[in-house]
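A.B. asks: Pasting a structure below so you can have a look.
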Amino acid sequence: MREIHVDTIREKIAALCIDATHNLPADVEAALRRAEASEPAPLAKQILVELVENIEVARREMVPLCQDTGTTVVFVEIGQDVRVVGGSLEEAINAGVGTGYTEGFLRASIVASPLFKRENTKNNTPAVIHYDIVPGERFHLKVLPKGGGCENMTRYANFLPRAGKDAIIEFVLRTVEESGGNPCPPLIIGVGIGGTAEYAMTLAKKGVMRGVGSHSDDPDVAALEDELLTKVNALGIGPQAVGGLNTALAVNILTFPTHIASLPVGVNIQCHSARLKEADL
């Protein structure tokens, strides 16, 4: 039985929060550079040039990539043979987020009561935490600072199975078109298909983290990803909705078995500042 102390988790979460909000993942940066090189529309190309420059400035000057440093979403893969010692895992994660956001001088965006008083918690806690139990001694953390503008464009639909692929394509395209410039394109689009309502939405959230340029292992799903990306970019929304060829950098689909009477579909949209950092402990 492997033991991990909560202090180690807290310190790593704090560091990941700061790293994620300042340093864009290499796959996203490379995709934005490819988009800039391929974009023929002058205004759209200039925006992409500025987005790439913003990445470089954030990394060099250690300033946040975006003023909206997001809801802190944390994914934890914890092995069955791991024991967390010294306190509560959830409390350690939230303490790490609080430390990272205060010591990193990051904007606190979380309000304690979502409907009435809406008072800021001052340190971006609590985080939204997802746990996956896996075999062995693995302990893996992913920190996803999720901006409000793109998260507001999340959509869910529950189709009957006979609706098929065409209904999903139409739903994704309508979601992107109605979103316009609100989620700050170019986008990464996560699509979750199957499971139940809440699980399809979790799959969609995981989809935005899968990596630009990756594909589903299922060839039919991979072909649908390519088809959707082509059709999304054909909408002509473009970077920051000024028009152009690069509305999205990727469409990533995750699937799960579902009920014979259901076809649940979740769509989660990530902005061009697709911040994500991860670590093994």
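Labels for the structure tokens follow display order: chains A, B, ..., residues from 1 in each chain, ligands from 1.
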Extract the full set of strand (DSSP E or B) residues from segment 167-261 of chain A according to DSSP on the backbone, and format it as a PyMOL selection string.

C.D. replies: chain A and resi 187-195+248-258

A.B. asks: Neighbours of segment 29-33 of chain A within 10 Å (only C-alpha atoms; same-chain residues fewer than 6 positions away dropped), as a JSON list (two decimals) with C-alpha atoms, in the first residue's frame?

C.D. replies:
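The result, stored in around_16.json:
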[["chain", "number", "residue", "atom", "x", "y", "z"],
["A", 23, "ASN", "CA", 1.77, 28.29, -19.67],
["A", 48, "LEU", "CA", -4.17, 34.59, -34.36],
["A", 49, "VAL", "CA", -0.83, 36.40, -34.50],
["A", 51, "LEU", "CA", -3.00, 35.09, -29.60],
["A", 52, "VAL", "CA", 0.37, 33.48, -30.26],
["A", 55, "ILE", "CA", 1.20, 32.95, -25.21],
["A", 56, "GLU", "CA", 4.81, 34.10, -25.49],
["A", 186, "PRO", "CA", -10.70, 29.09, -31.98],
["A", 212, "VAL", "CA", -5.33, 18.55, -30.01],
["A", 213, "GLY", "CA", -4.49, 16.19, -32.85],
["A", 246, "ASN", "CA", -10.30, 28.55, -37.97],
["A", 248, "ALA", "CA", -12.12, 25.22, -33.97],
["A", 249, "LEU", "CA", -8.79, 23.50, -33.44],
["A", 250, "ALA", "CA", -10.25, 20.10, -32.54],
["A", 272, "HIS", "CA", -8.45, 29.15, -27.37],
["A", 273, "SER", "CA", -6.76, 29.55, -23.96],
["A", 274, "ALA", "CA", -7.17, 25.83, -23.31]]

A.B. asks: Please list as an mmCIF file with N, CA and C atoms, in the first residue's frame every residue within 8 Å of Asp280 of chain A, counting only C-alpha atoms and excluding residues in the same chain fewer than 4 positions away.

C.D. replies:
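Output below, filename result.cif:
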data_model
loop_
_atom_site.group_PDB
_atom_site.id
_atom_site.type_symbol
_atom_site.label_atom_id
_atom_site.label_comp_id
_atom_site.auth_asym_id
_atom_site.auth_seq_id
_atom_site.Cartn_x
_atom_site.Cartn_y
_atom_site.Cartn_z
ATOM 1 N N ARG A 138 -1.290 4.266 -8.940
ATOM 2 C CA ARG A 138 -1.269 5.525 -9.677
ATOM 3 C C ARG A 138 -1.970 6.625 -8.887
ATOM 4 N N PHE A 139 -1.385 7.819 -8.909
ATOM 5 C CA PHE A 139 -2.055 9.013 -8.373
ATOM 6 C C PHE A 139 -1.737 10.147 -9.334
ATOM 7 N N HIS A 140 -2.731 10.511 -10.134
ATOM 8 C CA HIS A 140 -2.525 11.474 -11.216
ATOM 9 C C HIS A 140 -3.490 12.640 -11.048
ATOM 10 N N LEU A 141 -2.968 13.844 -11.205
ATOM 11 C CA LEU A 141 -3.763 15.069 -11.060
ATOM 12 C C LEU A 141 -3.815 15.823 -12.382
#

A.B. asks: Write out, as JSON lines, each residue of segment 143-179 of chain A that has an atom at most 9 Å from segment 62-68 of chain A, together with the closest pair of atoms and their distance in Å to one decimal, counting only C-alpha atoms, rows going by chain and rising number.

C.D. replies:
{"residue": "A:Pro145", "atom": "CA", "partner": "A:Asp68", "partner_atom": "CA", "distance": 8.9}
{"residue": "A:Lys146", "atom": "CA", "partner": "A:Asp68", "partner_atom": "CA", "distance": 8.6}
{"residue": "A:Gly147", "atom": "CA", "partner": "A:Asp68", "partner_atom": "CA", "distance": 5.9}
{"residue": "A:Gly148", "atom": "CA", "partner": "A:Asp68", "partner_atom": "CA", "distance": 7.4}
{"residue": "A:Gly149", "atom": "CA", "partner": "A:Asp68", "partner_atom": "CA", "distance": 8.8}

A.B. asks: For those residues, write C-alpha atoms to a file as a PDB file, in the first residue's frame.

C.D. replies:
ATOM      1  CA  PRO A 145      -8.913  26.319 -15.184  1.00  0.00           C
ATOM      2  CA  LYS A 146     -12.210  26.645 -17.083  1.00  0.00           C
ATOM      3  CA  GLY A 147     -13.220  30.147 -18.146  1.00  0.00           C
ATOM      4  CA  GLY A 148     -16.772  31.326 -17.630  1.00  0.00           C
ATOM      5  CA  GLY A 149     -17.395  32.502 -21.194  1.00  0.00           C
TER       6      GLY A 149
END

A.B. asks: Which is closest to Asn252 of chain A among A:Gly100, A:Pro40, A:Gly238, A:Gly211, if we use only C-alpha atoms?

C.D. replies: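 Ranked by minimum distance to Asn252 of chain A, first place goes to A:Gly211.
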
A.B. asks: From a backbone DSSP assignment, name each residue in segment 62-272 of chain A labelled helix (DSSP H, G or I), as a PDB file with N, CA and C atoms, in the first residue's frame.

C.D. replies:
ATOM      1  N   LEU A  89      -8.396  14.342   1.573  1.00  0.00           N
ATOM      2  CA  LEU A  89      -7.966  14.593   0.193  1.00  0.00           C
ATOM      3  C   LEU A  89      -8.664  15.821  -0.375  1.00  0.00           C
ATOM      4  N   GLU A  90      -9.953  15.916  -0.182  1.00  0.00           N
ATOM      5  CA  GLU A  90     -10.697  17.057  -0.721  1.00  0.00           C
ATOM      6  C   GLU A  90     -10.233  18.371  -0.106  1.00  0.00           C
ATOM      7  N   GLU A  91     -10.010  18.370   1.188  1.00  0.00           N
ATOM      8  CA  GLU A  91      -9.520  19.584   1.836  1.00  0.00           C
ATOM      9  C   GLU A  91      -8.135  19.959   1.335  1.00  0.00           C
ATOM     10  N   ALA A  92      -7.300  18.958   1.075  1.00  0.00           N
ATOM     11  CA  ALA A  92      -5.956  19.232   0.560  1.00  0.00           C
ATOM     12  C   ALA A  92      -6.016  19.851  -0.836  1.00  0.00           C
ATOM     13  N   ILE A  93      -6.901  19.336  -1.676  1.00  0.00           N
ATOM     14  CA  ILE A  93      -7.040  19.894  -3.023  1.00  0.00           C
ATOM     15  C   ILE A  93      -7.504  21.343  -2.952  1.00  0.00           C
ATOM     16  N   ASN A  94      -8.511  21.606  -2.137  1.00  0.00           N
ATOM     17  CA  ASN A  94      -9.011  22.976  -2.035  1.00  0.00           C
ATOM     18  C   ASN A  94      -8.001  23.909  -1.387  1.00  0.00           C
ATOM     19  N   ALA A  95      -7.232  23.403  -0.437  1.00  0.00           N
ATOM     20  CA  ALA A  95      -6.175  24.232   0.165  1.00  0.00           C
ATOM     21  C   ALA A  95      -5.120  24.572  -0.879  1.00  0.00           C
ATOM     22  N   GLY A  96      -4.804  23.599  -1.748  1.00  0.00           N
ATOM     23  CA  GLY A  96      -3.842  23.862  -2.816  1.00  0.00           C
ATOM     24  C   GLY A  96      -4.345  24.891  -3.800  1.00  0.00           C
ATOM     25  N   VAL A  97      -5.620  24.798  -4.161  1.00  0.00           N
ATOM     26  CA  VAL A  97      -6.208  25.801  -5.060  1.00  0.00           C
ATOM     27  C   VAL A  97      -6.157  27.180  -4.406  1.00  0.00           C
ATOM     28  N   GLY A  98      -6.549  27.251  -3.161  1.00  0.00           N
ATOM     29  CA  GLY A  98      -6.531  28.539  -2.464  1.00  0.00           C
ATOM     30  C   GLY A  98      -5.137  29.138  -2.405  1.00  0.00           C
ATOM     31  N   THR A  99      -4.149  28.311  -2.121  1.00  0.00           N
ATOM     32  CA  THR A  99      -2.766  28.791  -2.078  1.00  0.00           C
ATOM     33  C   THR A  99      -2.304  29.239  -3.459  1.00  0.00           C
ATOM     34  N   GLY A 100      -2.582  28.431  -4.472  1.00  0.00           N
ATOM     35  CA  GLY A 100      -2.153  28.769  -5.828  1.00  0.00           C
ATOM     36  C   GLY A 100      -2.751  30.072  -6.318  1.00  0.00           C
ATOM     37  N   TYR A 101      -4.011  30.288  -6.038  1.00  0.00           N
ATOM     38  CA  TYR A 101      -4.672  31.490  -6.543  1.00  0.00           C
ATOM     39  C   TYR A 101      -4.303  32.742  -5.756  1.00  0.00           C
ATOM     40  N   THR A 102      -4.029  32.604  -4.469  1.00  0.00           N
ATOM     41  CA  THR A 102      -3.638  33.790  -3.695  1.00  0.00           C
ATOM     42  C   THR A 102      -2.158  34.113  -3.900  1.00  0.00           C
ATOM     43  N   GLU A 103      -1.300  33.110  -3.775  1.00  0.00           N
ATOM     44  CA  GLU A 103       0.136  33.361  -3.931  1.00  0.00           C
ATOM     45  C   GLU A 103       0.505  33.622  -5.387  1.00  0.00           C
ATOM     46  N   GLY A 148     -15.318  31.224 -17.682  1.00  0.00           N
ATOM     47  CA  GLY A 148     -16.772  31.326 -17.630  1.00  0.00           C
ATOM     48  C   GLY A 148     -17.430  31.495 -18.986  1.00  0.00           C
ATOM     49  N   GLY A 149     -16.783  32.247 -19.891  1.00  0.00           N
ATOM     50  CA  GLY A 149     -17.395  32.502 -21.194  1.00  0.00           C
ATOM     51  C   GLY A 149     -17.605  31.251 -21.997  1.00  0.00           C
ATOM     52  N   CYS A 150     -16.620  30.347 -21.993  1.00  0.00           N
ATOM     53  CA  CYS A 150     -16.775  29.106 -22.760  1.00  0.00           C
ATOM     54  C   CYS A 150     -17.654  28.102 -22.013  1.00  0.00           C
ATOM     55  N   GLU A 151     -17.534  28.043 -20.690  1.00  0.00           N
ATOM     56  CA  GLU A 151     -18.357  27.099 -19.936  1.00  0.00           C
ATOM     57  C   GLU A 151     -19.838  27.437 -20.050  1.00  0.00           C
ATOM     58  N   PRO A 161     -32.601   6.982 -29.919  1.00  0.00           N
ATOM     59  CA  PRO A 161     -31.533   6.336 -30.678  1.00  0.00           C
ATOM     60  C   PRO A 161     -31.667   6.457 -32.191  1.00  0.00           C
ATOM     61  N   ARG A 162     -32.906   6.483 -32.689  1.00  0.00           N
ATOM     62  CA  ARG A 162     -33.088   6.558 -34.142  1.00  0.00           C
ATOM     63  C   ARG A 162     -32.605   7.881 -34.732  1.00  0.00           C
ATOM     64  N   ALA A 163     -32.365   8.894 -33.880  1.00  0.00           N
ATOM     65  CA  ALA A 163     -31.892  10.192 -34.384  1.00  0.00           C
ATOM     66  C   ALA A 163     -30.532  10.052 -35.058  1.00  0.00           C
ATOM     67  N   GLY A 164     -29.676   9.214 -34.485  1.00  0.00           N
ATOM     68  CA  GLY A 164     -28.410   8.874 -35.126  1.00  0.00           C
ATOM     69  C   GLY A 164     -27.406  10.002 -35.250  1.00  0.00           C
ATOM     70  N   LYS A 165     -26.436   9.759 -36.132  1.00  0.00           N
ATOM     71  CA  LYS A 165     -25.295  10.658 -36.299  1.00  0.00           C
ATOM     72  C   LYS A 165     -25.707  12.046 -36.758  1.00  0.00           C
ATOM     73  N   ASP A 166     -26.668  12.124 -37.653  1.00  0.00           N
ATOM     74  CA  ASP A 166     -27.050  13.426 -38.219  1.00  0.00           C
ATOM     75  C   ASP A 166     -27.563  14.379 -37.143  1.00  0.00           C
ATOM     76  N   ALA A 167     -28.308  13.849 -36.173  1.00  0.00           N
ATOM     77  CA  ALA A 167     -28.821  14.699 -35.096  1.00  0.00           C
ATOM     78  C   ALA A 167     -27.682  15.244 -34.247  1.00  0.00           C
ATOM     79  N   ILE A 168     -26.671  14.425 -34.014  1.00  0.00           N
ATOM     80  CA  ILE A 168     -25.523  14.876 -33.222  1.00  0.00           C
ATOM     81  C   ILE A 168     -24.760  15.963 -33.974  1.00  0.00           C
ATOM     82  N   ILE A 169     -24.548  15.761 -35.254  1.00  0.00           N
ATOM     83  CA  ILE A 169     -23.854  16.780 -36.054  1.00  0.00           C
ATOM     84  C   ILE A 169     -24.610  18.102 -36.012  1.00  0.00           C
ATOM     85  N   GLU A 170     -25.908  18.038 -36.226  1.00  0.00           N
ATOM     86  CA  GLU A 170     -26.718  19.265 -36.227  1.00  0.00           C
ATOM     87  C   GLU A 170     -26.674  19.941 -34.863  1.00  0.00           C
ATOM     88  N   PHE A 171     -26.701  19.151 -33.782  1.00  0.00           N
ATOM     89  CA  PHE A 171     -26.678  19.700 -32.430  1.00  0.00           C
ATOM     90  C   PHE A 171     -25.359  20.404 -32.145  1.00  0.00           C
ATOM     91  N   VAL A 172     -24.251  19.774 -32.506  1.00  0.00           N
ATOM     92  CA  VAL A 172     -22.935  20.388 -32.279  1.00  0.00           C
ATOM     93  C   VAL A 172     -22.807  21.676 -33.088  1.00  0.00           C
ATOM     94  N   LEU A 173     -23.198  21.637 -34.354  1.00  0.00           N
ATOM     95  CA  LEU A 173     -23.083  22.830 -35.198  1.00  0.00           C
ATOM     96  C   LEU A 173     -23.957  23.964 -34.672  1.00  0.00           C
ATOM     97  N   ARG A 174     -25.166  23.635 -34.244  1.00  0.00           N
ATOM     98  CA  ARG A 174     -26.049  24.679 -33.713  1.00  0.00           C
ATOM     99  C   ARG A 174     -25.478  25.276 -32.434  1.00  0.00           C
ATOM    100  N   THR A 175     -24.889  24.423 -31.579  1.00  0.00           N
ATOM    101  CA  THR A 175     -24.285  24.910 -30.339  1.00  0.00           C
ATOM    102  C   THR A 175     -23.149  25.890 -30.639  1.00  0.00           C
ATOM    103  N   VAL A 176     -22.285  25.530 -31.587  1.00  0.00           N
ATOM    104  CA  VAL A 176     -21.156  26.401 -31.927  1.00  0.00           C
ATOM    105  C   VAL A 176     -21.654  27.692 -32.569  1.00  0.00           C
ATOM    106  N   GLU A 177     -22.621  27.580 -33.471  1.00  0.00           N
ATOM    107  CA  GLU A 177     -23.112  28.769 -34.178  1.00  0.00           C
ATOM    108  C   GLU A 177     -23.792  29.737 -33.219  1.00  0.00           C
ATOM    109  N   GLU A 178     -24.596  29.212 -32.304  1.00  0.00           N
ATOM    110  CA  GLU A 178     -25.279  30.073 -31.335  1.00  0.00           C
ATOM    111  C   GLU A 178     -24.297  30.687 -30.333  1.00  0.00           C
ATOM    112  N   SER A 179     -23.175  30.022 -30.115  1.00  0.00           N
ATOM    113  CA  SER A 179     -22.177  30.549 -29.179  1.00  0.00           C
ATOM    114  C   SER A 179     -21.469  31.778 -29.730  1.00  0.00           C
ATOM    115  N   ALA A 197     -27.225  11.377 -18.428  1.00  0.00           N
ATOM    116  CA  ALA A 197     -27.108  12.816 -18.667  1.00  0.00           C
ATOM    117  C   ALA A 197     -25.841  13.388 -18.043  1.00  0.00           C
ATOM    118  N   GLU A 198     -25.627  13.118 -16.747  1.00  0.00           N
ATOM    119  CA  GLU A 198     -24.463  13.711 -16.077  1.00  0.00           C
ATOM    120  C   GLU A 198     -23.162  13.092 -16.578  1.00  0.00           C
ATOM    121  N   TYR A 199     -23.217  11.814 -16.987  1.00  0.00           N
ATOM    122  CA  TYR A 199     -21.990  11.182 -17.444  1.00  0.00           C
ATOM    123  C   TYR A 199     -21.601  11.655 -18.837  1.00  0.00           C
ATOM    124  N   ALA A 200     -22.584  11.896 -19.687  1.00  0.00           N
ATOM    125  CA  ALA A 200     -22.284  12.451 -21.010  1.00  0.00           C
ATOM    126  C   ALA A 200     -21.616  13.811 -20.885  1.00  0.00           C
ATOM    127  N   MET A 201     -22.053  14.616 -19.904  1.00  0.00           N
ATOM    128  CA  MET A 201     -21.447  15.921 -19.696  1.00  0.00           C
ATOM    129  C   MET A 201     -20.018  15.786 -19.160  1.00  0.00           C
ATOM    130  N   THR A 202     -19.776  14.790 -18.309  1.00  0.00           N
ATOM    131  CA  THR A 202     -18.415  14.546 -17.822  1.00  0.00           C
ATOM    132  C   THR A 202     -17.511  14.093 -18.957  1.00  0.00           C
ATOM    133  N   LEU A 203     -18.023  13.224 -19.831  1.00  0.00           N
ATOM    134  CA  LEU A 203     -17.250  12.800 -20.995  1.00  0.00           C
ATOM    135  C   LEU A 203     -16.884  13.991 -21.869  1.00  0.00           C
ATOM    136  N   ALA A 204     -17.838  14.903 -22.059  1.00  0.00           N
ATOM    137  CA  ALA A 204     -17.567  16.093 -22.874  1.00  0.00           C
ATOM    138  C   ALA A 204     -16.470  16.944 -22.255  1.00  0.00           C
ATOM    139  N   LYS A 205     -16.506  17.093 -20.932  1.00  0.00           N
ATOM    140  CA  LYS A 205     -15.458  17.863 -20.241  1.00  0.00           C
ATOM    141  C   LYS A 205     -14.109  17.176 -20.389  1.00  0.00           C
ATOM    142  N   LYS A 206     -14.090  15.870 -20.259  1.00  0.00           N
ATOM    143  CA  LYS A 206     -12.847  15.134 -20.464  1.00  0.00           C
ATOM    144  C   LYS A 206     -12.366  15.256 -21.911  1.00  0.00           C
ATOM    145  N   GLY A 207     -13.315  15.389 -22.831  1.00  0.00           N
ATOM    146  CA  GLY A 207     -12.946  15.509 -24.234  1.00  0.00           C
ATOM    147  C   GLY A 207     -12.090  16.725 -24.531  1.00  0.00           C
ATOM    148  N   PRO A 219     -12.637   3.749 -35.099  1.00  0.00           N
ATOM    149  CA  PRO A 219     -12.518   4.422 -36.398  1.00  0.00           C
ATOM    150  C   PRO A 219     -13.771   5.174 -36.825  1.00  0.00           C
ATOM    151  N   ASP A 220     -14.948   4.678 -36.450  1.00  0.00           N
ATOM    152  CA  ASP A 220     -16.185   5.388 -36.798  1.00  0.00           C
ATOM    153  C   ASP A 220     -16.286   6.714 -36.049  1.00  0.00           C
ATOM    154  N   VAL A 221     -15.916   6.678 -34.774  1.00  0.00           N
ATOM    155  CA  VAL A 221     -15.942   7.905 -33.975  1.00  0.00           C
ATOM    156  C   VAL A 221     -14.876   8.873 -34.470  1.00  0.00           C
ATOM    157  N   ALA A 222     -13.691   8.357 -34.809  1.00  0.00           N
ATOM    158  CA  ALA A 222     -12.618   9.214 -35.328  1.00  0.00           C
ATOM    159  C   ALA A 222     -13.047   9.899 -36.617  1.00  0.00           C
ATOM    160  N   ALA A 223     -13.750   9.166 -37.481  1.00  0.00           N
ATOM    161  CA  ALA A 223     -14.246   9.766 -38.730  1.00  0.00           C
ATOM    162  C   ALA A 223     -15.271  10.854 -38.430  1.00  0.00           C
ATOM    163  N   LEU A 224     -16.105  10.643 -37.414  1.00  0.00           N
ATOM    164  CA  LEU A 224     -17.086  11.665 -37.031  1.00  0.00           C
ATOM    165  C   LEU A 224     -16.380  12.903 -36.479  1.00  0.00           C
ATOM    166  N   GLU A 225     -15.308  12.730 -35.728  1.00  0.00           N
ATOM    167  CA  GLU A 225     -14.527  13.869 -35.236  1.00  0.00           C
ATOM    168  C   GLU A 225     -14.020  14.719 -36.405  1.00  0.00           C
ATOM    169  N   ASP A 226     -13.464  14.064 -37.415  1.00  0.00           N
ATOM    170  CA  ASP A 226     -12.955  14.798 -38.584  1.00  0.00           C
ATOM    171  C   ASP A 226     -14.081  15.502 -39.327  1.00  0.00           C
ATOM    172  N   GLU A 227     -15.209  14.810 -39.474  1.00  0.00           N
ATOM    173  CA  GLU A 227     -16.341  15.405 -40.178  1.00  0.00           C
ATOM    174  C   GLU A 227     -16.864  16.630 -39.436  1.00  0.00           C
ATOM    175  N   LEU A 228     -16.974  16.505 -38.126  1.00  0.00           N
ATOM    176  CA  LEU A 228     -17.465  17.636 -37.340  1.00  0.00           C
ATOM    177  C   LEU A 228     -16.508  18.813 -37.386  1.00  0.00           C
ATOM    178  N   LEU A 229     -15.206  18.555 -37.295  1.00  0.00           N
ATOM    179  CA  LEU A 229     -14.235  19.650 -37.340  1.00  0.00           C
ATOM    180  C   LEU A 229     -14.323  20.388 -38.673  1.00  0.00           C
ATOM    181  N   THR A 230     -14.437  19.651 -39.755  1.00  0.00           N
ATOM    182  CA  THR A 230     -14.566  20.276 -41.076  1.00  0.00           C
ATOM    183  C   THR A 230     -15.827  21.129 -41.151  1.00  0.00           C
ATOM    184  N   LYS A 231     -16.931  20.607 -40.648  1.00  0.00           N
ATOM    185  CA  LYS A 231     -18.204  21.333 -40.738  1.00  0.00           C
ATOM    186  C   LYS A 231     -18.247  22.525 -39.785  1.00  0.00           C
ATOM    187  N   VAL A 232     -17.638  22.391 -38.618  1.00  0.00           N
ATOM    188  CA  VAL A 232     -17.566  23.532 -37.702  1.00  0.00           C
ATOM    189  C   VAL A 232     -16.771  24.664 -38.342  1.00  0.00           C
ATOM    190  N   ASN A 233     -15.633  24.351 -38.931  1.00  0.00           N
ATOM    191  CA  ASN A 233     -14.807  25.391 -39.547  1.00  0.00           C
ATOM    192  C   ASN A 233     -15.450  25.976 -40.797  1.00  0.00           C
ATOM    193  N   PRO A 239     -11.681  33.067 -35.776  1.00  0.00           N
ATOM    194  CA  PRO A 239     -11.099  33.519 -34.508  1.00  0.00           C
ATOM    195  C   PRO A 239     -11.826  34.743 -33.959  1.00  0.00           C
ATOM    196  N   GLN A 240     -12.248  34.641 -32.713  1.00  0.00           N
ATOM    197  CA  GLN A 240     -12.961  35.746 -32.049  1.00  0.00           C
ATOM    198  C   GLN A 240     -14.197  36.197 -32.839  1.00  0.00           C
ATOM    199  N   ALA A 241     -14.717  35.286 -33.671  1.00  0.00           N
ATOM    200  CA  ALA A 241     -15.958  35.504 -34.429  1.00  0.00           C
ATOM    201  C   ALA A 241     -15.868  36.657 -35.416  1.00  0.00           C
TER     202      ALA A 241
END

A.B. asks: Please report the interatomic distance between atom CA of Pro42 of chain A and atom CA of Val208 of chain A in Å with one decimal.

C.D. replies: 27.9 Å

A.B. asks: So, counting only C-alpha atoms, which residue among A:Cys184, A:Leu276, A:Ile237, A:Val57 is closest to Phe75 of chain A?

C.D. replies: A:Leu276

A.B. asks: Near Val191 of chain A, counting only C-alpha atoms, which residues have an atom at most 6 Å away, once you skip same-chain residues fewer than 4 positions from it, shown as a list of chain:residue names?

C.D. replies: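 Result of the neighbour search: A:Ala204, A:Ile253, A:Gly266, A:Val267.
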
A.B. asks: Suppose we keep N, CA and C atoms; can you now write the selection as a short mmCIF file (atom, residue, chain, number, x, y, z; two decimals), in the first residue's frame?

C.D. replies:
data_model
loop_
_atom_site.label_atom_id
_atom_site.label_comp_id
_atom_site.auth_asym_id
_atom_site.auth_seq_id
_atom_site.Cartn_x
_atom_site.Cartn_y
_atom_site.Cartn_z
N ALA A 204 -17.84 14.90 -22.06
CA ALA A 204 -17.57 16.09 -22.87
C ALA A 204 -16.47 16.94 -22.25
N ILE A 253 -14.31 13.45 -29.31
CA ILE A 253 -15.51 12.72 -28.89
C ILE A 253 -15.12 11.56 -27.99
N GLY A 266 -23.58 15.36 -24.74
CA GLY A 266 -23.13 16.60 -24.10
C GLY A 266 -22.09 17.28 -24.96
N VAL A 267 -22.10 18.60 -24.97
CA VAL A 267 -21.11 19.39 -25.70
C VAL A 267 -20.48 20.37 -24.72
#

A.B. asks: What separation in Å, quoted to one decimal, exists between atom CA of Phe256 of chain A and atom CA of Gly194 of chain A?

C.D. replies: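 Result for atom CA of Phe256 of chain A versus atom CA of Gly194 of chain A: 4.8 Å, one decimal.
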
A.B. asks: I'd like the neighbourhood of Val74 of chain A as a PDB file with C-alpha atoms, in the first residue's frame, where a residue qualifies if any of its atoms comes within 9 Å (using only C-alpha atoms), though same-chain residues fewer than 4 positions away should be ignored.

C.D. replies:
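Okay, this is what ended up in selection32.pdb:
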ATOM      1  CA  ILE A  13      -2.117  21.456  -6.750  1.00  0.00           C
ATOM      2  CA  ILE A  93      -7.040  19.894  -3.023  1.00  0.00           C
ATOM      3  CA  ALA A 127     -12.729  23.426  -6.803  1.00  0.00           C
ATOM      4  CA  VAL A 128     -14.940  21.155  -8.883  1.00  0.00           C
ATOM      5  CA  ILE A 129     -13.363  17.742  -8.285  1.00  0.00           C
ATOM      6  CA  HIS A 130     -13.811  14.518 -10.266  1.00  0.00           C
ATOM      7  CA  TYR A 131     -12.463  11.224  -8.925  1.00  0.00           C
ATOM      8  CA  LEU A 141      -3.763  15.069 -11.060  1.00  0.00           C
ATOM      9  CA  LYS A 142      -5.150  17.255 -13.832  1.00  0.00           C
ATOM     10  CA  VAL A 143      -5.915  20.920 -13.214  1.00  0.00           C
ATOM     11  CA  LEU A 144      -8.218  22.585 -15.738  1.00  0.00           C
ATOM     12  CA  PRO A 145      -8.913  26.319 -15.184  1.00  0.00           C
TER      13      PRO A 145
END

A.B. asks: Under the rule that only C-alpha atoms are counted, which of A:Arg275, A:Arg155, A:His22, A:Lys45 is the nearest residue to Leu106 of chain A?

C.D. replies: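 Ranked by minimum distance to Leu106 of chain A, first place goes to A:His22.
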
A.B. asks: What lies within 7 Å of Glu137 of chain A using only C-alpha atoms, ignoring chain neighbours under 3 positions off, as an MDAnalysis selection string?

C.D. replies: chainID A and resid 2 79:82

A.B. asks: Take the residues from that selection and write them out as a compact mmCIF listing (two decimals), in the first residue's frame, keeping C-alpha atoms.

C.D. replies:
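In the end it all went to part19.txt:
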# COMPACT_ATOMS: atom_id res chain seq x y z
CA ARG A 2 1.51 3.29 -1.14
CA GLY A 79 -5.13 3.86 -7.50
CA GLN A 80 -6.83 1.25 -5.36
CA ASP A 81 -3.48 0.63 -3.68
CA VAL A 82 -2.93 4.26 -2.67

A.B. asks: For the atom pair atom CA of Ala44 of chain A and atom CA of Thr154 of chain A, what is the interatomic distance in Å to one decimal place?

C.D. replies: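 Between these atoms lies a distance of 24.3 Å.
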
A.B. asks: Using only C-alpha atoms, find the one residue out of A:Val85, A:Ala20, A:Val73, A:Val242 that sits nearest to Thr8 of chain A.

C.D. replies: A:Val85

A.B. asks: Considering only C-alpha atoms, can you say which of A:His5, A:Lys277, A:His259, A:Lys117 comes closest to Phe159 of chain A?

C.D. replies: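 Comparing A:His5, A:Lys277, A:His259, A:Lys117 against Phe159 of chain A, the winner is A:His259.
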